$ cat work32.cif   # mmCIF, N, CA and C atoms and all ligand atoms
data_query
loop_
_atom_site.label_atom_id
_atom_site.label_comp_id
_atom_site.auth_asym_id
_atom_site.auth_seq_id
_atom_site.Cartn_x
_atom_site.Cartn_y
_atom_site.Cartn_z
N MET E 38 0.85 -1.20 0.00
CA MET E 38 0.00 0.00 0.00
C MET E 38 0.88 1.25 0.00
N ALA E 39 0.56 2.20 -0.86
CA ALA E 39 1.35 3.42 -0.97
C ALA E 39 1.09 4.33 0.23
N VAL E 40 2.15 5.01 0.68
CA VAL E 40 2.04 5.93 1.81
C VAL E 40 2.60 7.28 1.37
N LEU E 41 1.83 8.33 1.57
CA LEU E 41 2.25 9.68 1.18
C LEU E 41 2.15 10.58 2.41
N ASP E 42 3.26 11.20 2.77
CA ASP E 42 3.30 12.06 3.97
C ASP E 42 2.72 11.37 5.20
N GLY E 43 2.99 10.08 5.33
CA GLY E 43 2.53 9.36 6.51
C GLY E 43 1.10 8.88 6.44
N ILE E 44 0.40 9.18 5.35
CA ILE E 44 -1.00 8.75 5.20
C ILE E 44 -1.04 7.56 4.24
N ALA E 45 -1.60 6.44 4.68
CA ALA E 45 -1.75 5.28 3.81
C ALA E 45 -2.83 5.60 2.77
N LEU E 46 -2.49 5.41 1.51
CA LEU E 46 -3.47 5.67 0.46
C LEU E 46 -4.45 4.49 0.39
N PRO E 47 -5.68 4.76 -0.05
CA PRO E 47 -6.67 3.69 -0.17
C PRO E 47 -6.18 2.61 -1.15
N PRO E 48 -6.79 1.42 -1.09
CA PRO E 48 -6.42 0.34 -2.02
C PRO E 48 -6.51 0.82 -3.47
N ARG E 49 -5.61 0.36 -4.33
CA ARG E 49 -5.60 0.68 -5.75
C ARG E 49 -5.01 2.05 -6.04
N TRP E 50 -4.93 2.94 -5.08
CA TRP E 50 -4.41 4.28 -5.32
C TRP E 50 -2.89 4.22 -5.44
N ARG E 51 -2.33 5.28 -6.05
CA ARG E 51 -0.89 5.37 -6.13
C ARG E 51 -0.45 6.83 -5.98
N ILE E 52 0.84 6.99 -5.75
CA ILE E 52 1.41 8.34 -5.70
C ILE E 52 1.73 8.73 -7.14
N THR E 53 1.25 9.88 -7.57
CA THR E 53 1.43 10.28 -8.97
C THR E 53 2.73 11.07 -9.15
N SER E 54 3.05 11.36 -10.41
CA SER E 54 4.28 12.10 -10.70
C SER E 54 4.23 13.51 -10.13
N ARG E 55 3.04 14.02 -9.85
CA ARG E 55 2.90 15.35 -9.23
C ARG E 55 2.96 15.27 -7.70
N LEU E 56 3.24 14.07 -7.18
CA LEU E 56 3.25 13.83 -5.73
C LEU E 56 1.90 14.12 -5.10
N LEU E 57 0.86 13.72 -5.81
CA LEU E 57 -0.50 13.77 -5.27
C LEU E 57 -0.98 12.34 -5.12
N ALA E 58 -2.03 12.16 -4.32
CA ALA E 58 -2.65 10.84 -4.22
C ALA E 58 -3.50 10.64 -5.46
N GLY E 59 -3.32 9.52 -6.17
CA GLY E 59 -4.03 9.30 -7.42
C GLY E 59 -4.95 8.10 -7.35
N TRP E 60 -6.20 8.33 -7.70
CA TRP E 60 -7.19 7.26 -7.77
C TRP E 60 -7.44 6.93 -9.24
N PRO E 61 -6.99 5.77 -9.72
CA PRO E 61 -7.26 5.37 -11.10
C PRO E 61 -8.69 4.89 -11.21
N ILE E 62 -9.58 5.75 -11.67
CA ILE E 62 -11.01 5.44 -11.62
C ILE E 62 -11.37 4.33 -12.60
N ASP E 63 -11.01 4.53 -13.85
CA ASP E 63 -11.21 3.48 -14.85
C ASP E 63 -9.99 3.50 -15.77
N GLU E 64 -10.09 2.86 -16.90
CA GLU E 64 -8.92 2.74 -17.77
C GLU E 64 -8.34 4.09 -18.17
N GLY E 65 -9.20 5.06 -18.43
CA GLY E 65 -8.71 6.34 -18.94
C GLY E 65 -8.60 7.46 -17.92
N HIS E 66 -9.31 7.33 -16.80
CA HIS E 66 -9.43 8.46 -15.88
C HIS E 66 -8.60 8.30 -14.61
N LEU E 67 -7.95 9.40 -14.25
CA LEU E 67 -7.21 9.46 -13.00
C LEU E 67 -7.65 10.71 -12.25
N LEU E 68 -8.02 10.53 -10.99
CA LEU E 68 -8.33 11.68 -10.14
C LEU E 68 -7.22 11.80 -9.11
N GLU E 69 -6.55 12.95 -9.13
CA GLU E 69 -5.47 13.21 -8.17
C GLU E 69 -5.96 14.25 -7.19
N LEU E 70 -5.58 14.09 -5.95
CA LEU E 70 -5.89 15.14 -4.98
C LEU E 70 -4.93 15.08 -3.80
N TRP E 71 -4.79 16.22 -3.14
CA TRP E 71 -3.99 16.32 -1.93
C TRP E 71 -4.31 17.65 -1.27
N PRO E 72 -4.21 17.72 0.06
CA PRO E 72 -4.49 19.00 0.72
C PRO E 72 -3.60 20.11 0.17
N HIS E 73 -4.19 21.29 0.06
CA HIS E 73 -3.51 22.45 -0.48
C HIS E 73 -3.78 23.59 0.50
N GLY E 74 -3.22 23.48 1.69
CA GLY E 74 -3.43 24.49 2.71
C GLY E 74 -4.82 24.39 3.33
N ARG E 75 -5.15 25.42 4.07
CA ARG E 75 -6.43 25.45 4.78
C ARG E 75 -7.18 26.73 4.43
N THR E 76 -8.49 26.66 4.53
CA THR E 76 -9.29 27.87 4.37
C THR E 76 -9.15 28.69 5.65
N PRO E 77 -9.59 29.96 5.64
CA PRO E 77 -9.54 30.77 6.88
C PRO E 77 -10.29 30.12 8.03
N GLU E 78 -11.26 29.27 7.72
CA GLU E 78 -12.03 28.58 8.78
C GLU E 78 -11.36 27.29 9.22
N GLY E 79 -10.20 26.99 8.68
CA GLY E 79 -9.49 25.79 9.10
C GLY E 79 -9.90 24.53 8.36
N ARG E 80 -10.69 24.66 7.31
CA ARG E 80 -11.07 23.49 6.52
C ARG E 80 -9.93 23.08 5.59
N ILE E 81 -9.80 21.79 5.34
CA ILE E 81 -8.78 21.33 4.40
C ILE E 81 -9.20 21.75 3.00
N ARG E 82 -8.32 22.47 2.31
CA ARG E 82 -8.59 22.84 0.91
C ARG E 82 -7.90 21.81 0.03
N TRP E 83 -8.62 21.32 -0.97
CA TRP E 83 -8.08 20.26 -1.82
C TRP E 83 -7.61 20.81 -3.16
N LEU E 84 -6.41 20.43 -3.52
CA LEU E 84 -5.97 20.59 -4.89
C LEU E 84 -6.36 19.30 -5.61
N TYR E 85 -7.11 19.42 -6.69
CA TYR E 85 -7.49 18.20 -7.40
C TYR E 85 -7.28 18.37 -8.90
N ARG E 86 -7.13 17.24 -9.54
CA ARG E 86 -6.94 17.23 -11.00
C ARG E 86 -7.58 15.95 -11.52
N LEU E 87 -8.49 16.11 -12.45
CA LEU E 87 -9.07 14.96 -13.13
C LEU E 87 -8.52 14.94 -14.55
N SER E 88 -7.92 13.84 -14.93
CA SER E 88 -7.37 13.75 -16.28
C SER E 88 -7.94 12.54 -16.99
N TYR E 89 -7.98 12.65 -18.30
CA TYR E 89 -8.40 11.54 -19.15
C TYR E 89 -7.27 11.28 -20.14
N ARG E 90 -6.73 10.08 -20.08
CA ARG E 90 -5.57 9.72 -20.90
C ARG E 90 -4.48 10.80 -20.84
N ASN E 91 -4.16 11.16 -19.61
CA ASN E 91 -3.09 12.12 -19.30
C ASN E 91 -3.40 13.56 -19.73
N ARG E 92 -4.59 13.80 -20.20
CA ARG E 92 -4.96 15.16 -20.54
C ARG E 92 -5.82 15.74 -19.41
N THR E 93 -5.43 16.90 -18.89
CA THR E 93 -6.15 17.51 -17.78
C THR E 93 -7.51 18.01 -18.25
N ILE E 94 -8.56 17.58 -17.55
CA ILE E 94 -9.91 18.06 -17.85
C ILE E 94 -10.30 19.13 -16.84
N PHE E 95 -10.09 18.84 -15.57
CA PHE E 95 -10.37 19.79 -14.50
C PHE E 95 -9.17 19.84 -13.56
N SER E 96 -8.84 21.04 -13.10
CA SER E 96 -7.82 21.20 -12.07
C SER E 96 -8.16 22.46 -11.30
N ALA E 97 -8.32 22.34 -9.99
CA ALA E 97 -8.72 23.50 -9.20
C ALA E 97 -8.48 23.24 -7.72
N THR E 98 -8.78 24.27 -6.92
CA THR E 98 -8.64 24.16 -5.46
C THR E 98 -9.90 24.70 -4.80
N ASP E 99 -11.05 24.51 -5.45
CA ASP E 99 -12.27 25.14 -4.97
C ASP E 99 -13.16 24.23 -4.13
N ILE E 100 -12.62 23.11 -3.67
CA ILE E 100 -13.41 22.21 -2.81
C ILE E 100 -12.67 22.03 -1.49
N SER E 101 -13.41 22.15 -0.39
CA SER E 101 -12.83 21.99 0.94
C SER E 101 -13.62 20.98 1.74
N SER E 102 -12.94 20.37 2.70
CA SER E 102 -13.61 19.44 3.60
C SER E 102 -14.31 20.23 4.70
N PRO E 103 -15.29 19.61 5.37
CA PRO E 103 -15.96 20.29 6.48
C PRO E 103 -14.97 20.66 7.59
N ALA E 104 -15.31 21.67 8.37
CA ALA E 104 -14.45 22.12 9.46
C ALA E 104 -14.17 20.95 10.40
N GLY E 105 -12.95 20.89 10.90
CA GLY E 105 -12.59 19.87 11.87
C GLY E 105 -12.12 18.57 11.24
N THR E 106 -12.14 18.46 9.91
CA THR E 106 -11.70 17.23 9.26
C THR E 106 -10.20 17.05 9.41
N VAL E 107 -9.79 15.85 9.78
CA VAL E 107 -8.38 15.52 9.90
C VAL E 107 -8.00 14.65 8.70
N LEU E 108 -6.81 14.89 8.16
CA LEU E 108 -6.38 14.11 7.01
C LEU E 108 -6.16 12.65 7.39
N SER E 109 -6.82 11.75 6.68
CA SER E 109 -6.68 10.31 6.93
C SER E 109 -7.01 9.58 5.63
N THR E 110 -6.82 8.28 5.63
CA THR E 110 -7.20 7.48 4.47
C THR E 110 -8.69 7.66 4.18
N CYS E 111 -9.47 7.64 5.23
CA CYS E 111 -10.92 7.78 5.08
C CYS E 111 -11.29 9.15 4.51
N THR E 112 -10.58 10.19 4.94
CA THR E 112 -10.84 11.53 4.43
C THR E 112 -10.55 11.61 2.93
N LEU E 113 -9.49 10.92 2.51
CA LEU E 113 -9.17 10.90 1.08
C LEU E 113 -10.32 10.28 0.28
N ILE E 114 -10.88 9.20 0.81
CA ILE E 114 -11.97 8.51 0.11
C ILE E 114 -13.20 9.40 0.00
N THR E 115 -13.60 9.98 1.12
CA THR E 115 -14.81 10.81 1.08
C THR E 115 -14.58 12.06 0.23
N SER E 116 -13.37 12.61 0.28
CA SER E 116 -13.10 13.82 -0.50
C SER E 116 -13.05 13.51 -2.00
N ALA E 117 -12.47 12.37 -2.36
CA ALA E 117 -12.43 11.98 -3.77
C ALA E 117 -13.85 11.79 -4.31
N THR E 118 -14.71 11.18 -3.49
CA THR E 118 -16.10 10.99 -3.88
C THR E 118 -16.78 12.34 -4.08
N THR E 119 -16.54 13.26 -3.14
CA THR E 119 -17.13 14.60 -3.23
C THR E 119 -16.68 15.32 -4.50
N VAL E 120 -15.37 15.28 -4.77
CA VAL E 120 -14.83 15.96 -5.96
C VAL E 120 -15.45 15.37 -7.22
N LEU E 121 -15.48 14.05 -7.30
CA LEU E 121 -15.99 13.42 -8.52
C LEU E 121 -17.49 13.70 -8.71
N ARG E 122 -18.22 13.72 -7.60
CA ARG E 122 -19.65 14.00 -7.70
C ARG E 122 -19.87 15.42 -8.25
N PHE E 123 -19.04 16.33 -7.80
CA PHE E 123 -19.10 17.72 -8.25
C PHE E 123 -18.76 17.83 -9.74
N LEU E 124 -17.73 17.12 -10.17
CA LEU E 124 -17.27 17.24 -11.55
C LEU E 124 -18.19 16.53 -12.54
N THR E 125 -19.00 15.59 -12.07
CA THR E 125 -19.87 14.85 -12.98
C THR E 125 -21.30 15.37 -12.98
N LEU E 126 -21.51 16.55 -12.36
CA LEU E 126 -22.84 17.16 -12.43
C LEU E 126 -23.16 17.47 -13.88
N CYS E 127 -24.41 17.25 -14.26
CA CYS E 127 -24.84 17.52 -15.62
C CYS E 127 -25.92 18.60 -15.60
N PRO E 128 -26.11 19.27 -16.74
CA PRO E 128 -27.20 20.25 -16.82
C PRO E 128 -28.50 19.58 -16.37
N GLY E 129 -29.24 20.24 -15.52
CA GLY E 129 -30.44 19.64 -14.95
C GLY E 129 -30.20 19.21 -13.52
N ASP E 130 -28.93 18.89 -13.19
CA ASP E 130 -28.59 18.52 -11.81
C ASP E 130 -28.45 19.76 -10.93
N THR E 131 -28.10 20.87 -11.54
CA THR E 131 -27.78 22.05 -10.75
C THR E 131 -28.06 23.31 -11.56
N ASP E 132 -27.79 24.49 -10.98
CA ASP E 132 -28.07 25.77 -11.66
C ASP E 132 -27.30 25.86 -12.98
N ALA E 133 -27.93 26.48 -13.96
CA ALA E 133 -27.29 26.64 -15.27
C ALA E 133 -26.00 27.45 -15.16
N GLU E 134 -25.94 28.39 -14.21
CA GLU E 134 -24.75 29.24 -14.09
C GLU E 134 -23.51 28.43 -13.75
N TYR E 135 -23.73 27.28 -13.13
CA TYR E 135 -22.60 26.43 -12.76
C TYR E 135 -21.76 26.09 -14.00
N PHE E 136 -22.41 26.01 -15.14
CA PHE E 136 -21.72 25.55 -16.35
C PHE E 136 -21.19 26.70 -17.21
N ASP E 137 -21.48 27.95 -16.78
CA ASP E 137 -21.08 29.10 -17.59
C ASP E 137 -19.58 29.18 -17.83
N SER E 138 -18.81 28.75 -16.83
CA SER E 138 -17.36 28.90 -16.94
C SER E 138 -16.70 27.65 -17.52
N SER E 139 -17.49 26.69 -17.98
CA SER E 139 -16.91 25.46 -18.52
C SER E 139 -16.15 25.73 -19.82
N THR E 140 -15.04 25.06 -19.97
CA THR E 140 -14.30 25.14 -21.23
C THR E 140 -14.91 24.16 -22.22
N ARG E 141 -14.54 24.32 -23.48
CA ARG E 141 -15.00 23.41 -24.52
C ARG E 141 -14.59 21.97 -24.20
N THR E 142 -13.35 21.82 -23.72
CA THR E 142 -12.86 20.49 -23.34
C THR E 142 -13.73 19.88 -22.25
N GLN E 143 -14.11 20.70 -21.27
CA GLN E 143 -14.93 20.19 -20.16
C GLN E 143 -16.33 19.82 -20.65
N ILE E 144 -16.88 20.63 -21.53
CA ILE E 144 -18.23 20.34 -22.05
C ILE E 144 -18.22 19.03 -22.85
N ASN E 145 -17.22 18.87 -23.68
CA ASN E 145 -17.12 17.63 -24.47
C ASN E 145 -16.93 16.42 -23.58
N TRP E 146 -16.09 16.60 -22.56
CA TRP E 146 -15.85 15.51 -21.63
C TRP E 146 -17.15 15.14 -20.91
N ARG E 147 -17.87 16.15 -20.46
CA ARG E 147 -19.11 15.92 -19.71
C ARG E 147 -20.12 15.15 -20.57
N ASP E 148 -20.26 15.58 -21.82
CA ASP E 148 -21.22 14.91 -22.71
C ASP E 148 -20.87 13.44 -22.89
N ARG E 149 -19.59 13.16 -22.89
CA ARG E 149 -19.16 11.80 -23.20
C ARG E 149 -19.06 10.90 -21.97
N PHE E 150 -18.62 11.44 -20.84
CA PHE E 150 -18.25 10.58 -19.71
C PHE E 150 -18.96 10.83 -18.39
N ALA E 151 -19.56 12.01 -18.21
CA ALA E 151 -20.02 12.38 -16.86
C ALA E 151 -21.01 11.37 -16.29
N GLU E 152 -21.95 10.93 -17.12
CA GLU E 152 -22.98 10.03 -16.61
C GLU E 152 -22.36 8.71 -16.16
N GLU E 153 -21.49 8.18 -16.99
CA GLU E 153 -20.83 6.91 -16.69
C GLU E 153 -19.96 7.02 -15.45
N LEU E 154 -19.22 8.13 -15.36
CA LEU E 154 -18.28 8.28 -14.25
C LEU E 154 -18.98 8.61 -12.94
N SER E 155 -20.21 9.16 -13.04
CA SER E 155 -20.92 9.52 -11.81
C SER E 155 -21.24 8.27 -10.99
N LEU E 156 -21.23 7.10 -11.62
CA LEU E 156 -21.47 5.85 -10.87
C LEU E 156 -20.38 5.64 -9.82
N TYR E 157 -19.17 6.07 -10.14
CA TYR E 157 -18.05 5.90 -9.22
C TYR E 157 -18.10 6.92 -8.08
N ALA E 158 -18.95 7.93 -8.24
CA ALA E 158 -19.01 8.99 -7.24
C ALA E 158 -20.08 8.74 -6.18
N MET E 159 -20.80 7.64 -6.31
CA MET E 159 -21.85 7.38 -5.34
C MET E 159 -21.23 6.97 -4.01
N GLU E 160 -21.87 7.41 -2.93
CA GLU E 160 -21.31 7.17 -1.60
C GLU E 160 -21.61 5.77 -1.08
N ASP E 161 -22.75 5.23 -1.49
CA ASP E 161 -23.26 4.02 -0.83
C ASP E 161 -23.05 2.74 -1.63
N VAL E 162 -22.85 2.87 -2.93
CA VAL E 162 -22.71 1.67 -3.75
C VAL E 162 -21.39 1.75 -4.52
N CYS E 163 -20.54 0.78 -4.31
CA CYS E 163 -19.25 0.77 -4.99
C CYS E 163 -19.43 0.33 -6.45
N ALA E 164 -18.86 1.11 -7.36
CA ALA E 164 -19.01 0.80 -8.78
C ALA E 164 -18.11 -0.36 -9.20
N TYR E 165 -17.16 -0.74 -8.36
CA TYR E 165 -16.27 -1.85 -8.71
C TYR E 165 -16.85 -3.19 -8.29
N CYS E 166 -17.35 -3.25 -7.07
CA CYS E 166 -17.76 -4.56 -6.54
C CYS E 166 -19.22 -4.62 -6.13
N GLY E 167 -19.91 -3.48 -6.16
CA GLY E 167 -21.31 -3.48 -5.77
C GLY E 167 -21.52 -3.45 -4.26
N GLY E 168 -20.42 -3.41 -3.51
CA GLY E 168 -20.51 -3.37 -2.05
C GLY E 168 -21.05 -2.05 -1.55
N ASP E 169 -21.40 -2.01 -0.25
CA ASP E 169 -21.98 -0.78 0.29
C ASP E 169 -20.89 0.12 0.87
N HIS E 170 -19.97 0.53 0.00
CA HIS E 170 -18.94 1.50 0.37
C HIS E 170 -18.63 2.35 -0.86
N ALA E 171 -17.96 3.48 -0.64
CA ALA E 171 -17.64 4.37 -1.76
C ALA E 171 -16.58 3.74 -2.66
N SER E 172 -16.71 3.94 -3.97
CA SER E 172 -15.80 3.33 -4.94
C SER E 172 -14.31 3.60 -4.67
N PRO E 173 -13.92 4.84 -4.26
CA PRO E 173 -12.48 5.10 -4.12
C PRO E 173 -11.79 4.20 -3.10
N GLY E 174 -12.55 3.62 -2.18
CA GLY E 174 -11.92 2.81 -1.13
C GLY E 174 -11.95 1.33 -1.42
N CYS E 175 -12.34 0.94 -2.63
CA CYS E 175 -12.55 -0.48 -2.88
C CYS E 175 -11.26 -1.29 -2.81
N GLY E 176 -11.28 -2.29 -1.97
CA GLY E 176 -10.13 -3.17 -1.85
C GLY E 176 -10.39 -4.53 -2.48
N MET E 177 -11.44 -4.61 -3.28
CA MET E 177 -11.84 -5.91 -3.83
C MET E 177 -11.05 -6.29 -5.07
N TRP E 178 -10.31 -5.31 -5.62
CA TRP E 178 -9.54 -5.62 -6.82
C TRP E 178 -8.21 -6.22 -6.45
ZN ZN T 1 -15.95 -2.14 -3.77
#
$ encode --input "work32.cif" --output "structure tokens" --more "lines below"
Ligand SMILES: [Zn+2]
Amino acid sequence: MAVLDGIALPPRWRITSRLLAGWPIDEGHLLELWPHGRTPEGRIRWLYRLSYRNRTIFSATDISSPAGTVLSTCTLITSATTVLRFLTLCPGDTDAEYFDSSTRTQINWRDRFAEELSLYAMEDVCAYCGGDHASPGCGMW
């Protein structure tokens, strides 16, 4: 099991070339994330990057964990799920303004993959094994 800064990464995850924790979601997609400082309220701010075949689709630091969250393997799993759920929102799921700042690359990606990838973002059903846990933590492979 890979360990980054003293934190054991979830099963299947690896340390990426950017020294972030990387969750290989499916054959083409990699979600990387790692804490990127704290918000003024003390919440963990996440730097994340979702890539498809090594091409960056999304990269930002606009998602934070709830106040009082401590970095752990479990926190990585819940945060990865949160990030992926956010990135796979489709028109109709949320306000239209949410999509105003989307790039052409992001729009094309969303049309092609968001629905399929949103299965991996569910909290209660693992897309790998069907178990009642979040996909990023699956140790069944
Ligand atoms: Zn599983």
$ atom_distance --input "work32.cif" --atom1 "atom CA of E:His170" --atom2 "atom CA of E:Trp146"
26.3 Å
$ residues_near_ligand --input "work32.cif" --ligand "ligand ZN 1 (chain T)" --cutoff "8 Å" --atoms "only C-alpha atoms and all ligand atoms" --output "list in words"
Val162, Cys163, Ala164, Tyr165, Cys166, Gly167, Gly168, Asp169, His170, Ala171, Ser172, Gly174, Cys175, Gly176, Met177 and Trp178 of chain E
$ select_by_dssp --input "work32.cif" --residues "stretch 93-176 of chain E" --states "strand (DSSP E)" --output "count of residues only"
9
$ atom_distance --input "work32.cif" --atom1 "atom C of E:Ala117" --atom2 "atom CA of E:Thr142"
20.9 Å
$ select_by_dssp --input "work32.cif" --residues "chain E" --states "alpha helix (DSSP H)" --output "PDB file with N, CA and C atoms, in the frame of the given file"
ATOM      1  N   THR E 110      -6.820   8.280   5.630  1.00  0.00           N
ATOM      2  CA  THR E 110      -7.200   7.480   4.470  1.00  0.00           C
ATOM      3  C   THR E 110      -8.690   7.660   4.180  1.00  0.00           C
ATOM      4  N   CYS E 111      -9.470   7.640   5.230  1.00  0.00           N
ATOM      5  CA  CYS E 111     -10.920   7.780   5.080  1.00  0.00           C
ATOM      6  C   CYS E 111     -11.290   9.150   4.510  1.00  0.00           C
ATOM      7  N   THR E 112     -10.580  10.190   4.940  1.00  0.00           N
ATOM      8  CA  THR E 112     -10.840  11.530   4.430  1.00  0.00           C
ATOM      9  C   THR E 112     -10.550  11.610   2.930  1.00  0.00           C
ATOM     10  N   LEU E 113      -9.490  10.920   2.510  1.00  0.00           N
ATOM     11  CA  LEU E 113      -9.170  10.900   1.080  1.00  0.00           C
ATOM     12  C   LEU E 113     -10.320  10.280   0.280  1.00  0.00           C
ATOM     13  N   ILE E 114     -10.880   9.200   0.810  1.00  0.00           N
ATOM     14  CA  ILE E 114     -11.970   8.510   0.110  1.00  0.00           C
ATOM     15  C   ILE E 114     -13.200   9.400   0.000  1.00  0.00           C
ATOM     16  N   THR E 115     -13.600   9.980   1.120  1.00  0.00           N
ATOM     17  CA  THR E 115     -14.810  10.810   1.080  1.00  0.00           C
ATOM     18  C   THR E 115     -14.580  12.060   0.230  1.00  0.00           C
ATOM     19  N   SER E 116     -13.370  12.610   0.280  1.00  0.00           N
ATOM     20  CA  SER E 116     -13.100  13.820  -0.500  1.00  0.00           C
ATOM     21  C   SER E 116     -13.050  13.510  -2.000  1.00  0.00           C
ATOM     22  N   ALA E 117     -12.470  12.370  -2.360  1.00  0.00           N
ATOM     23  CA  ALA E 117     -12.430  11.980  -3.770  1.00  0.00           C
ATOM     24  C   ALA E 117     -13.850  11.790  -4.310  1.00  0.00           C
ATOM     25  N   THR E 118     -14.710  11.180  -3.490  1.00  0.00           N
ATOM     26  CA  THR E 118     -16.100  10.990  -3.880  1.00  0.00           C
ATOM     27  C   THR E 118     -16.780  12.340  -4.080  1.00  0.00           C
ATOM     28  N   THR E 119     -16.540  13.260  -3.140  1.00  0.00           N
ATOM     29  CA  THR E 119     -17.130  14.600  -3.230  1.00  0.00           C
ATOM     30  C   THR E 119     -16.680  15.320  -4.500  1.00  0.00           C
ATOM     31  N   VAL E 120     -15.370  15.280  -4.770  1.00  0.00           N
ATOM     32  CA  VAL E 120     -14.830  15.960  -5.960  1.00  0.00           C
ATOM     33  C   VAL E 120     -15.450  15.370  -7.220  1.00  0.00           C
ATOM     34  N   LEU E 121     -15.480  14.050  -7.300  1.00  0.00           N
ATOM     35  CA  LEU E 121     -15.990  13.420  -8.520  1.00  0.00           C
ATOM     36  C   LEU E 121     -17.490  13.700  -8.710  1.00  0.00           C
ATOM     37  N   ARG E 122     -18.220  13.720  -7.600  1.00  0.00           N
ATOM     38  CA  ARG E 122     -19.650  14.000  -7.700  1.00  0.00           C
ATOM     39  C   ARG E 122     -19.870  15.420  -8.250  1.00  0.00           C
ATOM     40  N   PHE E 123     -19.040  16.330  -7.800  1.00  0.00           N
ATOM     41  CA  PHE E 123     -19.100  17.720  -8.250  1.00  0.00           C
ATOM     42  C   PHE E 123     -18.760  17.830  -9.740  1.00  0.00           C
ATOM     43  N   LEU E 124     -17.730  17.120 -10.170  1.00  0.00           N
ATOM     44  CA  LEU E 124     -17.270  17.240 -11.550  1.00  0.00           C
ATOM     45  C   LEU E 124     -18.190  16.530 -12.540  1.00  0.00           C
ATOM     46  N   ARG E 141     -14.540  24.320 -23.480  1.00  0.00           N
ATOM     47  CA  ARG E 141     -15.000  23.410 -24.520  1.00  0.00           C
ATOM     48  C   ARG E 141     -14.590  21.970 -24.200  1.00  0.00           C
ATOM     49  N   THR E 142     -13.350  21.820 -23.720  1.00  0.00           N
ATOM     50  CA  THR E 142     -12.860  20.490 -23.340  1.00  0.00           C
ATOM     51  C   THR E 142     -13.730  19.880 -22.250  1.00  0.00           C
ATOM     52  N   GLN E 143     -14.110  20.700 -21.270  1.00  0.00           N
ATOM     53  CA  GLN E 143     -14.930  20.190 -20.160  1.00  0.00           C
ATOM     54  C   GLN E 143     -16.330  19.820 -20.650  1.00  0.00           C
ATOM     55  N   ILE E 144     -16.880  20.630 -21.530  1.00  0.00           N
ATOM     56  CA  ILE E 144     -18.230  20.340 -22.050  1.00  0.00           C
ATOM     57  C   ILE E 144     -18.220  19.030 -22.850  1.00  0.00           C
ATOM     58  N   ASN E 145     -17.220  18.870 -23.680  1.00  0.00           N
ATOM     59  CA  ASN E 145     -17.120  17.630 -24.470  1.00  0.00           C
ATOM     60  C   ASN E 145     -16.930  16.420 -23.580  1.00  0.00           C
ATOM     61  N   TRP E 146     -16.090  16.600 -22.560  1.00  0.00           N
ATOM     62  CA  TRP E 146     -15.850  15.510 -21.630  1.00  0.00           C
ATOM     63  C   TRP E 146     -17.150  15.140 -20.910  1.00  0.00           C
ATOM     64  N   GLU E 152     -21.950  10.930 -17.120  1.00  0.00           N
ATOM     65  CA  GLU E 152     -22.980  10.030 -16.610  1.00  0.00           C
ATOM     66  C   GLU E 152     -22.360   8.710 -16.160  1.00  0.00           C
ATOM     67  N   GLU E 153     -21.490   8.180 -16.990  1.00  0.00           N
ATOM     68  CA  GLU E 153     -20.830   6.910 -16.690  1.00  0.00           C
ATOM     69  C   GLU E 153     -19.960   7.020 -15.450  1.00  0.00           C
ATOM     70  N   LEU E 154     -19.220   8.130 -15.360  1.00  0.00           N
ATOM     71  CA  LEU E 154     -18.280   8.280 -14.250  1.00  0.00           C
ATOM     72  C   LEU E 154     -18.980   8.610 -12.940  1.00  0.00           C
TER      73      LEU E 154
END
$ residues_around --input "work32.cif" --residues "stretch 84-92 of chain E" --least-positions-apart "4" --cutoff "12 Å" --atoms "only C-alpha atoms" --output "PyMOL selection string"
chain E and resi 53-75+96-102+113+116-125+142-143+145-147+149-151+154
$ atom_distance --input "work32.cif" --atom1 "atom CA of E:Leu108" --atom2 "atom CA of E:Pro47"
12.7 Å
$ closest_residue --input "work32.cif" --among "E:Val40, E:Leu46, E:Thr131, E:Asp137" --to "E:Cys111" --atoms "only N, CA and C atoms"
E:Leu46
